[in-house]
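S.K.: For reference, the structure I am asking about is given below.
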Amino acid sequence: MSGTFMQMALNEARAAAERGEVPVGAVLVRGSQVIARDGNRTRELSDPTAHAEILVLRAGGTALKSERLLNCDLYVTLEPCAMCAAAISFARIRRLYFAAADPKGGGVEHGPRFFSQATCHHAPEVYGGIAERQASEVLKAFFRERR
């Protein structure tokens, strides 16, 4: 099932690319139910916080009527940045699945490694490298077209 959710996230990343956004997609799931799905919308919304992860966490909170998304899993096509990692922690996400690592901007396995900090109150289980090749290809194609 996790492959299906990551494929949905990849579809959201592709849709973001078509909008001219950096192609990152995210899907929020509880059990087998998709709660929210979206891609980056920072340009469209003129909002530097409109990362795919933040958008689905916001939608999930609204749908579940809670700021804590207990027993929810998040699938994202790129390793979350520090801002998104903090939001994931605050939302109490159970498991984080991400596709491509982000050595420059990542905040989970790279950079600040948010979940490893003593000040982090909740760390989800983290699984990286799911559909990594596909996610990397989507990102590389997007940036290749802009150079």
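Residue names in the structure tokens use chain letters A, B, ... in the order shown, residue numbers from 1 in each chain, and ligand numbers from 1 in the order shown.
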For Asn71 (chain A), list every protein, DNA or RNA residue within 10 Å, evaluated using only C-alpha atoms, and leave out those in the same chain fewer than 2 positions away; present the list as a list in words.
M.R.: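 Listing them by chain and then by number gives Val29, Arg30, Gly31, Arg68, Leu69, Asp73, Arg92, Ile93, Arg94 and Arg95 of chain A.
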S.K.: Can you write out the residues you just picked, keeping N, CA, C and O atoms, as a PDB file, in the first residue's frame?
M.R.:
```pdb
ATOM      1  N   VAL A  29      -2.149  10.189   5.169  1.00  0.00           N
ATOM      2  CA  VAL A  29      -2.963   8.981   5.212  1.00  0.00           C
ATOM      3  C   VAL A  29      -3.231   8.567   6.661  1.00  0.00           C
ATOM      4  O   VAL A  29      -2.350   8.684   7.516  1.00  0.00           O
ATOM      5  N   ARG A  30      -4.431   8.090   6.910  1.00  0.00           N
ATOM      6  CA  ARG A  30      -4.744   7.428   8.189  1.00  0.00           C
ATOM      7  C   ARG A  30      -5.322   6.068   7.820  1.00  0.00           C
ATOM      8  O   ARG A  30      -6.361   5.997   7.162  1.00  0.00           O
ATOM      9  N   GLY A  31      -4.620   5.008   8.227  1.00  0.00           N
ATOM     10  CA  GLY A  31      -5.021   3.657   7.827  1.00  0.00           C
ATOM     11  C   GLY A  31      -4.871   3.541   6.319  1.00  0.00           C
ATOM     12  O   GLY A  31      -3.809   3.778   5.773  1.00  0.00           O
ATOM     13  N   ARG A  68      -3.488  17.819  16.114  1.00  0.00           N
ATOM     14  CA  ARG A  68      -2.669  16.609  16.242  1.00  0.00           C
ATOM     15  C   ARG A  68      -3.243  15.543  15.324  1.00  0.00           C
ATOM     16  O   ARG A  68      -4.395  15.141  15.453  1.00  0.00           O
ATOM     17  N   LEU A  69      -2.411  15.107  14.408  1.00  0.00           N
ATOM     18  CA  LEU A  69      -2.847  14.139  13.400  1.00  0.00           C
ATOM     19  C   LEU A  69      -2.393  12.744  13.821  1.00  0.00           C
ATOM     20  O   LEU A  69      -1.572  12.107  13.166  1.00  0.00           O
ATOM     21  N   ASP A  73       0.076   8.947   8.706  1.00  0.00           N
ATOM     22  CA  ASP A  73       1.362   8.785   8.048  1.00  0.00           C
ATOM     23  C   ASP A  73       1.456   9.792   6.917  1.00  0.00           C
ATOM     24  O   ASP A  73       0.445  10.137   6.300  1.00  0.00           O
ATOM     25  N   ARG A  92       2.368  15.508  15.277  1.00  0.00           N
ATOM     26  CA  ARG A  92       2.455  14.151  15.850  1.00  0.00           C
ATOM     27  C   ARG A  92       2.235  13.064  14.789  1.00  0.00           C
ATOM     28  O   ARG A  92       1.573  12.050  15.018  1.00  0.00           O
ATOM     29  N   ILE A  93       2.816  13.295  13.598  1.00  0.00           N
ATOM     30  CA  ILE A  93       2.737  12.296  12.531  1.00  0.00           C
ATOM     31  C   ILE A  93       3.388  11.005  13.017  1.00  0.00           C
ATOM     32  O   ILE A  93       4.456  11.027  13.633  1.00  0.00           O
ATOM     33  N   ARG A  94       2.740   9.879  12.751  1.00  0.00           N
ATOM     34  CA  ARG A  94       3.239   8.580  13.216  1.00  0.00           C
ATOM     35  C   ARG A  94       4.441   8.111  12.410  1.00  0.00           C
ATOM     36  O   ARG A  94       5.465   7.731  12.973  1.00  0.00           O
ATOM     37  N   ARG A  95       4.303   8.122  11.079  1.00  0.00           N
ATOM     38  CA  ARG A  95       5.386   7.667  10.203  1.00  0.00           C
ATOM     39  C   ARG A  95       5.557   8.643   9.052  1.00  0.00           C
ATOM     40  O   ARG A  95       4.571   9.104   8.475  1.00  0.00           O
TER      41      ARG A  95
END
```
S.K.: When you look at region 33-49 of chain A with a cut-off of 6 Å (counting only C-alpha atoms), what residues show up, excluding the ones that are within fewer than 2 positions of it in the same chain? I need them as JSON, numbers by chain.
M.R.: {"A": [12, 13, 16, 24, 25, 26, 27, 28, 29, 30, 31, 51, 52, 56, 60]}
S.K.: For Val126 (chain A), which residue out of A:Val138, A:Leu78, A:Val108, A:Ile54 is the nearest one, using only C-alpha atoms?
M.R.: A:Val108
S.K.: Which is closer to Gly20 (chain A) than all the others in A:Arg147, A:Phe142, A:Tyr97, A:Glu132, using only C-alpha atoms?
M.R.: A:Phe142
S.K.: What is the distance between CA of Met83 (chain A) and CA of Gly3 (chain A), in Å to one decimal?
M.R.: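 Pair CA of Met83 (chain A) / CA of Gly3 (chain A) returns 25.4 Å.
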S.K.: What parts of chain A does DSSP call alpha helix (DSSP H)? I'd like the answer as a PyMOL selection string.
M.R.: chain A and resi 2-18+42-45+52-64+82-90+132-145
S.K.: Write out as a list in words the residues lying within 7 Å of Thr77 (chain A), counting only C-alpha atoms and excluding same-chain residues fewer than 2 positions away.
M.R.: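 In the requested format, the answer is Ala9, Leu10, Val24, Gly25, Ala26, Tyr75, Glu79, Phe98, Ala99, Ala100 and Ala135 of chain A.
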S.K.: Keeping all heavy atoms, export the residues of the selection given above as a PDB file, in the first residue's frame.
M.R.:
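That gives us out_38.pdb:
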```
ATOM      1  N   ALA A   9       1.771  10.722  -4.296  1.00  0.00           N
ATOM      2  CA  ALA A   9       2.614  11.883  -3.996  1.00  0.00           C
ATOM      3  C   ALA A   9       3.414  12.289  -5.235  1.00  0.00           C
ATOM      4  O   ALA A   9       3.565  13.488  -5.525  1.00  0.00           O
ATOM      5  CB  ALA A   9       3.542  11.575  -2.825  1.00  0.00           C
ATOM      6  N   LEU A  10       3.902  11.308  -5.981  1.00  0.00           N
ATOM      7  CA  LEU A  10       4.627  11.605  -7.221  1.00  0.00           C
ATOM      8  C   LEU A  10       3.711  12.291  -8.233  1.00  0.00           C
ATOM      9  O   LEU A  10       4.136  13.211  -8.939  1.00  0.00           O
ATOM     10  CB  LEU A  10       5.235  10.331  -7.811  1.00  0.00           C
ATOM     11  CG  LEU A  10       6.493   9.843  -7.112  1.00  0.00           C
ATOM     12  CD1 LEU A  10       6.781   8.393  -7.471  1.00  0.00           C
ATOM     13  CD2 LEU A  10       7.675  10.732  -7.442  1.00  0.00           C
ATOM     14  N   VAL A  24       7.388  18.881  -5.662  1.00  0.00           N
ATOM     15  CA  VAL A  24       7.322  18.079  -4.445  1.00  0.00           C
ATOM     16  C   VAL A  24       5.851  17.822  -4.171  1.00  0.00           C
ATOM     17  O   VAL A  24       5.030  18.741  -4.237  1.00  0.00           O
ATOM     18  CB  VAL A  24       7.973  18.793  -3.242  1.00  0.00           C
ATOM     19  CG1 VAL A  24       7.817  17.968  -1.967  1.00  0.00           C
ATOM     20  CG2 VAL A  24       9.454  19.069  -3.525  1.00  0.00           C
ATOM     21  N   GLY A  25       5.529  16.565  -3.877  1.00  0.00           N
ATOM     22  CA  GLY A  25       4.151  16.195  -3.571  1.00  0.00           C
ATOM     23  C   GLY A  25       4.080  15.477  -2.250  1.00  0.00           C
ATOM     24  O   GLY A  25       5.060  14.857  -1.817  1.00  0.00           O
ATOM     25  N   ALA A  26       2.923  15.562  -1.603  1.00  0.00           N
ATOM     26  CA  ALA A  26       2.732  14.917  -0.307  1.00  0.00           C
ATOM     27  C   ALA A  26       1.318  14.349  -0.210  1.00  0.00           C
ATOM     28  O   ALA A  26       0.376  14.891  -0.794  1.00  0.00           O
ATOM     29  CB  ALA A  26       2.966  15.907   0.824  1.00  0.00           C
ATOM     30  N   TYR A  75       3.484  10.786   3.329  1.00  0.00           N
ATOM     31  CA  TYR A  75       4.312  10.368   2.196  1.00  0.00           C
ATOM     32  C   TYR A  75       4.699  11.628   1.447  1.00  0.00           C
ATOM     33  O   TYR A  75       3.821  12.431   1.079  1.00  0.00           O
ATOM     34  CB  TYR A  75       3.531   9.436   1.268  1.00  0.00           C
ATOM     35  CG  TYR A  75       3.188   8.127   1.911  1.00  0.00           C
ATOM     36  CD1 TYR A  75       2.110   8.017   2.793  1.00  0.00           C
ATOM     37  CD2 TYR A  75       3.962   6.996   1.669  1.00  0.00           C
ATOM     38  CE1 TYR A  75       1.811   6.817   3.410  1.00  0.00           C
ATOM     39  CE2 TYR A  75       3.664   5.783   2.283  1.00  0.00           C
ATOM     40  CZ  TYR A  75       2.593   5.707   3.148  1.00  0.00           C
ATOM     41  OH  TYR A  75       2.305   4.514   3.763  1.00  0.00           O
ATOM     42  N   GLU A  79      12.881  14.688   0.899  1.00  0.00           N
ATOM     43  CA  GLU A  79      13.157  14.825   2.332  1.00  0.00           C
ATOM     44  C   GLU A  79      12.694  16.201   2.813  1.00  0.00           C
ATOM     45  O   GLU A  79      13.079  17.221   2.249  1.00  0.00           O
ATOM     46  CB  GLU A  79      14.658  14.676   2.568  1.00  0.00           C
ATOM     47  CG  GLU A  79      15.080  14.899   3.996  1.00  0.00           C
ATOM     48  CD  GLU A  79      16.588  14.833   4.185  1.00  0.00           C
ATOM     49  OE1 GLU A  79      17.318  14.472   3.227  1.00  0.00           O
ATOM     50  OE2 GLU A  79      17.048  15.164   5.286  1.00  0.00           O
ATOM     51  N   PHE A  98       9.664   9.211   2.844  1.00  0.00           N
ATOM     52  CA  PHE A  98      10.060  10.143   1.800  1.00  0.00           C
ATOM     53  C   PHE A  98      10.853   9.426   0.731  1.00  0.00           C
ATOM     54  O   PHE A  98      11.453   8.387   0.967  1.00  0.00           O
ATOM     55  CB  PHE A  98      10.802  11.367   2.359  1.00  0.00           C
ATOM     56  CG  PHE A  98      12.178  11.117   2.891  1.00  0.00           C
ATOM     57  CD1 PHE A  98      13.285  11.127   2.052  1.00  0.00           C
ATOM     58  CD2 PHE A  98      12.373  10.891   4.238  1.00  0.00           C
ATOM     59  CE1 PHE A  98      14.555  10.912   2.547  1.00  0.00           C
ATOM     60  CE2 PHE A  98      13.642  10.672   4.744  1.00  0.00           C
ATOM     61  CZ  PHE A  98      14.736  10.684   3.897  1.00  0.00           C
ATOM     62  N   ALA A  99      10.826  10.002  -0.460  1.00  0.00           N
ATOM     63  CA  ALA A  99      11.469   9.385  -1.622  1.00  0.00           C
ATOM     64  C   ALA A  99      12.931   9.805  -1.709  1.00  0.00           C
ATOM     65  O   ALA A  99      13.817   9.074  -1.286  1.00  0.00           O
ATOM     66  CB  ALA A  99      10.698   9.741  -2.890  1.00  0.00           C
ATOM     67  N   ALA A 100      13.191  10.978  -2.232  1.00  0.00           N
ATOM     68  CA  ALA A 100      14.564  11.429  -2.486  1.00  0.00           C
ATOM     69  C   ALA A 100      15.141  12.166  -1.280  1.00  0.00           C
ATOM     70  O   ALA A 100      14.449  12.966  -0.648  1.00  0.00           O
ATOM     71  CB  ALA A 100      14.590  12.342  -3.711  1.00  0.00           C
ATOM     72  N   ALA A 135      11.359   9.965  -7.995  1.00  0.00           N
ATOM     73  CA  ALA A 135      11.276  11.327  -7.464  1.00  0.00           C
ATOM     74  C   ALA A 135      12.465  12.158  -7.929  1.00  0.00           C
ATOM     75  O   ALA A 135      12.307  13.325  -8.299  1.00  0.00           O
ATOM     76  CB  ALA A 135      11.205  11.292  -5.941  1.00  0.00           C
TER      77      ALA A 135
END
```
S.K.: Nearest to Phe115 (chain A) among A:Ala131, A:Ala82, A:Val76, A:Leu139, with distances taken over only C-alpha atoms: which residue is it?
M.R.: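 Among A:Ala131, A:Ala82, A:Val76, A:Leu139, it is A:Ala82 that comes nearest to Phe115 (chain A).
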S.K.: My list of candidates is A:Cys81, A:Cys72, A:Ala15, A:Ala101. Which is closest to Glu125 (chain A) when distances are computed with only C-alpha atoms?
M.R.: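 Residue with the minimum atom-to-atom distance to Glu125 (chain A): A:Cys72.
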S.K.: Taking into account only C-alpha atoms, which residue in the set A:Glu21, A:Ser89, A:Cys84, A:Met8 is nearest to Ser116 (chain A)?
M.R.: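 Using only C-alpha atoms, Ser116 (chain A) sits closest to A:Ser89.
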S.K.: Rounded to one decimal place, report the CA of Leu55 (chain A)-CA of Ala87 (chain A) distance in Å.
M.R.: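 Computed distance, CA of Leu55 (chain A) to CA of Ala87 (chain A), equals 10.6 Å.
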S.K.: Can you pull out every residue within 6 Å of Pro80 (chain A), counting only C-alpha atoms, but drop anything in the same chain fewer than 4 positions away, and send it as number ranges by chain?
M.R.: A: 84-85, 106-107
